[in-house]
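Following: one structure in structure tokens, then a few remarks.
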Amino acid sequence: MASTEEPLVDARAVLRGLAAKRPVFYSEADFQFAFAWEAKLQRPDLAVRLETHPEPAVRLDLELITPAGDRGLAVELKYMTRLWAGMDRGESFALKNHGASDLRGYDVVKDIHRVERFTLNRQGWTGLVVVLTNDASYWRPRTHGRITNADAFRLGEGAVLEGPRASGPNTGGTSRGREAALDLRGSYPLTWIDYSTLGSGPAETFRALIIQIGETNEVGS
């Protein structure tokens, strides 16, 4: 039975608040800190913990915990950028080109898998994986019917992440460190939302992906 409790944090509201102040970030660490700060503004009562190691071999970007400790939200954040340099509100930005969308897709699925495992036996805990990017190759749905080695890790609009996720047999050495198959417990239909627009260039639109993990709808409406 799904929980009827209010979500700890409305992730959409957090992103809306961030977009008004920070339409672009320097790095993933910058994004993580800003998200935590905005979440704390939304829910001042929550304890905020960054870069935690709650148990051996488990690392989380962010934990948000109620004062009584009876509920918590485990959050993983990804900031995957395309090459862009420019100014915003007097600040100069030079974003790196991360590329290799199939490898980054694996990392997102691995985050989902990690949060699933962490929250599984923790009563009152749910999770979020939030992806932010200015690279349209992530959100564009596939337009061809060919089977590729990276199909299991595509993040395009309308894709569904569920069940066993593994690379194809001919992936090659570029996937080193990402060979392990990942078996997801939940089913996650992917819907991208607009985040910010810096201009009309191909790398000046940012979109976000919010993936809810657990019974409580932490995404908000």
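Following the order of the structure tokens, chains are lettered A, B, ..., residues in each are numbered from 1, and ligands are numbered from 1.
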*Counting only C-alpha atoms, what is within 7 Å of stretch 62-74 of chain A, bar same-chain residues fewer than 5 positions away, as JSON, numbers by chain?*
{"A": [45, 46, 47, 48, 49, 50, 51, 52, 115, 124, 125, 126, 127, 128]}
Using only C-alpha atoms, what does the table of stretch 25-121 of chain A residues within 9 Å of stretch 185-202 of chain A look like, with each row giving the shortest atom pair and its distance in Å to one decimal, sorted by chain and ascending number, as a Markdown table?
```
| residue | atom | partner | partner_atom | distance |
| --- | --- | --- | --- | --- |
| A:Asp88 | CA | A:Leu198 | CA | 7.8 |
| A:His113 | CA | A:Arg185 | CA | 8.0 |
| A:Glu116 | CA | A:Arg185 | CA | 7.3 |
| A:Arg117 | CA | A:Arg185 | CA | 8.9 |
```
Selection from above, N, CA and C atoms, as a compact mmCIF listing (two decimals), in the first residue's frame, can you write it?
```txt
# COMPACT_ATOMS: atom_id res chain seq x y z
N ASP A 88 26.51 34.28 -16.94
CA ASP A 88 25.17 34.36 -16.35
C ASP A 88 25.25 35.22 -15.10
N HIS A 113 19.86 1.89 -8.55
CA HIS A 113 20.09 0.59 -7.91
C HIS A 113 20.62 0.77 -6.49
N GLU A 116 17.81 2.14 -4.25
CA GLU A 116 16.86 1.06 -3.99
C GLU A 116 17.37 0.16 -2.86
N ARG A 117 18.60 -0.27 -2.98
CA ARG A 117 19.16 -1.19 -1.97
C ARG A 117 19.24 -0.53 -0.60
```
*Would you mind writing down, as a VMD selection string, each residue of stretch 48-216 of chain A that DSSP on the backbone assigns to strand (DSSP E or B)?*
chain A and resid 48 to 55 58 to 65 72 to 80 84 to 88 91 to 95 125 to 133 160 to 165 182 to 189 192 to 197 205 to 213
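Here atom CA of A:Trp84 is placed at a distance of 11.6 Å from atom CA of A:Thr133.
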_Contacts of A:Leu15 within 9 Å, only C-alpha atoms, excl. fewer than 5 positions in-chain, as an NGL selection string_ = :A and (10 or 20 or 35 or 38 or 195 or 208)
Per-residue nearest contacts stretch 80-144 of chain A to stretch 23-30 of chain A, cut-off 12 Å, using only C-alpha atoms, as a tab-separated table:
```
residue	atom	partner	partner_atom	distance
A:Met80	CA	A:Glu28	CA	7.8
A:Thr81	CA	A:Ser27	CA	8.9
A:Arg82	CA	A:Ser27	CA	11.9
A:Leu83	CA	A:Tyr26	CA	11.9
A:Trp84	CA	A:Val24	CA	10.6
A:Ala85	CA	A:Tyr26	CA	10.5
A:Gly86	CA	A:Val24	CA	10.2
A:Met87	CA	A:Val24	CA	9.7
A:Asp88	CA	A:Val24	CA	7.9
A:Arg89	CA	A:Pro23	CA	9.9
A:Glu91	CA	A:Tyr26	CA	10.0
A:Ser92	CA	A:Tyr26	CA	9.2
A:Phe93	CA	A:Tyr26	CA	6.4
A:Ala94	CA	A:Tyr26	CA	7.4
A:Leu95	CA	A:Tyr26	CA	6.8
A:Lys96	CA	A:Ser27	CA	8.8
A:Asn97	CA	A:Ser27	CA	11.6
A:His98	CA	A:Ser27	CA	11.3
A:Val130	CA	A:Glu28	CA	11.3
A:Val131	CA	A:Glu28	CA	10.0
A:Leu132	CA	A:Glu28	CA	9.2
A:Thr133	CA	A:Val24	CA	9.6
A:Asn134	CA	A:Val24	CA	9.3
```
*Go ahead and compute the interatomic distance for atom CA of A:Arg122 and atom CA of A:Gly105, in Å to one decimal.*
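If I compute the distance from atom CA of A:Arg122 to atom CA of A:Gly105, I get 26.6 Å.
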